[in-house]
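Peer 1: The structure follows.
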Amino acid sequence: MPKLIHQQTVDFFHEQPMAAVELLREVGGIEPPEFAMATAEAVDATQLAPVEYRADAVVVLRDGSGTARLAVIVEVQLRRDAKKRFSWPVYAAALRARLKCDTALLVVCLSRAVGRWCEQPVSMGPSGIVTPVAIHSDRLPLITDLDEARRRPELAVLSVAMNGDHPDIDKALEVMLKGLNEMDRQGVQLHLSYRVAGQCSGF
């Protein structure tokens, strides 16, 4: 089941790249540069690193001329993995070299404890520090307001997945479903399949 949850979450960002932008802006406090489009791009085509250093997803913000303004590396972490402290900086450096733009490392964690571990800065020695923007339940509270769920359906879905043990989870599910009603059918199916997988895993 953990593999299914991991893949469902990765697919979520491939299909809904704006979710990465919303998480950076609303949760991470990072205002992205002006852009005309946000696209989930093939990881193989946007990295110079070997295949063993492949990120889960890459969302690129481009201006009207197609020039990359910001690349967001999306990693899904379900458990602690010390090897990631070495591979994450590789992702950021390789993507920066490939696209000639700034990069951000967004780590999505369905576990609060894992999220706290992931958000610790990664020391590069004298060369500097890479600081992941870790998203977990402490940083993405449960969304129970209907208007907010309608404005940010992607965040509503993630907030439910990350706060499954919250006493107001039933209310959040209700407003999330109402928010999804305003989306296209394909988007609704993707969101619901992700949420069902999360429920089966116990999140």
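Residues in the structure tokens are named by chain (A, B, ... in the order shown) and by number from 1 within that chain; ligands are numbered from 1 in the order shown.
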Would you please give, as a PyMOL selection string, all residues of segment 14-191 of chain A that DSSP assigns to strand (DSSP E) based on the backbone?
Peer 2: chain A and resi 37-41+57-62+68-77+102-109+122-123+129-130+133-135
Peer 1: Please identify all polymer residues within 10 Å of Gly66 of chain A, counting only C-alpha atoms, omitting same-chain residues fewer than 4 positions from it, and present them as a VMD selection string.
Peer 2: chain A and resid 35 to 37 61 to 62
Peer 1: Using DSSP secondary structure from the backbone, list all helix (DSSP H, G or I) positions within segment 57-102 of chain A, as a list in words.
Peer 2: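 Restricting segment 57-102 of chain A to helix (DSSP H, G or I) produces Lys84, Arg85, Phe86, Ser87, Trp88, Pro89, Val90, Tyr91, Ala92, Ala93, Ala94, Leu95, Arg96, Ala97, Arg98 and Leu99 of chain A.
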Peer 1: Okay, now the selection with N, CA, C and O atoms, as a PDB file, in the first residue's frame?
Peer 2:
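Saved result, part_15.pdb, follows:
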ATOM      1  N   LYS A  84      18.173  10.509   0.910  1.00  0.00           N
ATOM      2  CA  LYS A  84      17.600  11.683   0.260  1.00  0.00           C
ATOM      3  C   LYS A  84      18.361  12.958   0.613  1.00  0.00           C
ATOM      4  O   LYS A  84      18.356  13.927  -0.162  1.00  0.00           O
ATOM      5  N   ARG A  85      19.006  12.991   1.763  1.00  0.00           N
ATOM      6  CA  ARG A  85      19.770  14.176   2.160  1.00  0.00           C
ATOM      7  C   ARG A  85      20.935  14.420   1.197  1.00  0.00           C
ATOM      8  O   ARG A  85      21.465  15.527   1.123  1.00  0.00           O
ATOM      9  N   PHE A  86      21.315  13.380   0.475  1.00  0.00           N
ATOM     10  CA  PHE A  86      22.389  13.513  -0.504  1.00  0.00           C
ATOM     11  C   PHE A  86      21.858  13.663  -1.928  1.00  0.00           C
ATOM     12  O   PHE A  86      22.461  14.352  -2.749  1.00  0.00           O
ATOM     13  N   SER A  87      20.716  13.038  -2.220  1.00  0.00           N
ATOM     14  CA  SER A  87      20.200  13.105  -3.586  1.00  0.00           C
ATOM     15  C   SER A  87      19.410  14.380  -3.869  1.00  0.00           C
ATOM     16  O   SER A  87      19.426  14.880  -5.002  1.00  0.00           O
ATOM     17  N   TRP A  88      18.722  14.929  -2.871  1.00  0.00           N
ATOM     18  CA  TRP A  88      17.945  16.139  -3.119  1.00  0.00           C
ATOM     19  C   TRP A  88      18.773  17.296  -3.677  1.00  0.00           C
ATOM     20  O   TRP A  88      18.348  17.946  -4.644  1.00  0.00           O
ATOM     21  N   PRO A  89      19.948  17.592  -3.112  1.00  0.00           N
ATOM     22  CA  PRO A  89      20.755  18.662  -3.712  1.00  0.00           C
ATOM     23  C   PRO A  89      21.150  18.373  -5.158  1.00  0.00           C
ATOM     24  O   PRO A  89      21.314  19.301  -5.961  1.00  0.00           O
ATOM     25  N   VAL A  90      21.301  17.091  -5.500  1.00  0.00           N
ATOM     26  CA  VAL A  90      21.628  16.724  -6.880  1.00  0.00           C
ATOM     27  C   VAL A  90      20.476  17.117  -7.801  1.00  0.00           C
ATOM     28  O   VAL A  90      20.688  17.683  -8.880  1.00  0.00           O
ATOM     29  N   TYR A  91      19.241  16.823  -7.371  1.00  0.00           N
ATOM     30  CA  TYR A  91      18.077  17.204  -8.175  1.00  0.00           C
ATOM     31  C   TYR A  91      18.083  18.703  -8.458  1.00  0.00           C
ATOM     32  O   TYR A  91      17.886  19.145  -9.591  1.00  0.00           O
ATOM     33  N   ALA A  92      18.273  19.471  -7.397  1.00  0.00           N
ATOM     34  CA  ALA A  92      18.200  20.932  -7.519  1.00  0.00           C
ATOM     35  C   ALA A  92      19.293  21.470  -8.435  1.00  0.00           C
ATOM     36  O   ALA A  92      19.037  22.321  -9.294  1.00  0.00           O
ATOM     37  N   ALA A  93      20.518  20.972  -8.268  1.00  0.00           N
ATOM     38  CA  ALA A  93      21.637  21.464  -9.077  1.00  0.00           C
ATOM     39  C   ALA A  93      21.488  21.050 -10.538  1.00  0.00           C
ATOM     40  O   ALA A  93      21.740  21.847 -11.459  1.00  0.00           O
ATOM     41  N   ALA A  94      21.072  19.791 -10.779  1.00  0.00           N
ATOM     42  CA  ALA A  94      20.933  19.310 -12.150  1.00  0.00           C
ATOM     43  C   ALA A  94      19.842  20.068 -12.901  1.00  0.00           C
ATOM     44  O   ALA A  94      20.007  20.452 -14.061  1.00  0.00           O
ATOM     45  N   LEU A  95      18.727  20.296 -12.241  1.00  0.00           N
ATOM     46  CA  LEU A  95      17.615  20.998 -12.884  1.00  0.00           C
ATOM     47  C   LEU A  95      17.964  22.463 -13.135  1.00  0.00           C
ATOM     48  O   LEU A  95      17.622  23.027 -14.178  1.00  0.00           O
ATOM     49  N   ARG A  96      18.649  23.070 -12.186  1.00  0.00           N
ATOM     50  CA  ARG A  96      19.081  24.464 -12.359  1.00  0.00           C
ATOM     51  C   ARG A  96      20.016  24.599 -13.557  1.00  0.00           C
ATOM     52  O   ARG A  96      19.898  25.533 -14.353  1.00  0.00           O
ATOM     53  N   ALA A  97      20.937  23.642 -13.709  1.00  0.00           N
ATOM     54  CA  ALA A  97      21.868  23.678 -14.838  1.00  0.00           C
ATOM     55  C   ALA A  97      21.145  23.438 -16.163  1.00  0.00           C
ATOM     56  O   ALA A  97      21.467  24.050 -17.182  1.00  0.00           O
ATOM     57  N   ARG A  98      20.146  22.558 -16.132  1.00  0.00           N
ATOM     58  CA  ARG A  98      19.441  22.207 -17.368  1.00  0.00           C
ATOM     59  C   ARG A  98      18.542  23.334 -17.861  1.00  0.00           C
ATOM     60  O   ARG A  98      18.517  23.659 -19.058  1.00  0.00           O
ATOM     61  N   LEU A  99      17.808  23.966 -16.956  1.00  0.00           N
ATOM     62  CA  LEU A  99      16.811  24.956 -17.361  1.00  0.00           C
ATOM     63  C   LEU A  99      17.278  26.397 -17.210  1.00  0.00           C
ATOM     64  O   LEU A  99      16.591  27.320 -17.643  1.00  0.00           O
TER      65      LEU A  99
END
Peer 1: Smallest atom-to-atom distance to Pro17 of chain A: which of A:Val74, A:Leu142, A:Leu110, A:Val160, using only C-alpha atoms?
Peer 2: A:Val74
Peer 1: Go through A:Ser137, A:Lys3, A:Ile73, A:Glu41 one by one, measure the shortest atom-to-atom distance of each to Val21 of chain A using only C-alpha atoms, and give the residue with the smallest value.
Peer 2: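 Smallest distance to Val21 of chain A is found for A:Ile73.
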Peer 1: Leaving out Val27 of chain A and any residue of its chain fewer than 2 positions from it, which residues lie within 12 Å of it when counting only C-alpha atoms, given as number ranges by chain?
Peer 2: A: 19-25, 29-31, 106-108, 133-141, 155, 158-159
Peer 1: Using only C-alpha atoms, which of A:Glu26, A:Ala68, A:Gln8, A:Leu105 sits nearest Glu148 of chain A?
Peer 2: A:Glu26
Peer 1: Between A:Asp63, A:Asp145, A:Asp165, A:Glu75, which has the minimum distance to Glu34 of chain A (counting only C-alpha atoms)?
Peer 2: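 Comparing A:Asp63, A:Asp145, A:Asp165, A:Glu75 against Glu34 of chain A, the winner is A:Asp63.
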Peer 1: Looking at A:Val10, A:Val59, A:Arg79, A:Pro132, which one is nearest to Glu119 of chain A, with distances taken over only C-alpha atoms?
Peer 2: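 Once distances to Glu119 of chain A are computed over only C-alpha atoms, the minimum belongs to A:Pro132.
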Peer 1: What gap, in Å, lies between atom CA of Thr9 of chain A and atom CA of Ala156 of chain A?
Peer 2: 13.9 Å
Peer 1: From the set A:Gln7, A:Thr39, A:Ser127, A:Gln77, which residue has the shortest atom-to-atom contact distance to Gly115 of chain A, counting only C-alpha atoms?
Peer 2: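 Among the listed residues, A:Gln77 lies closest to Gly115 of chain A.
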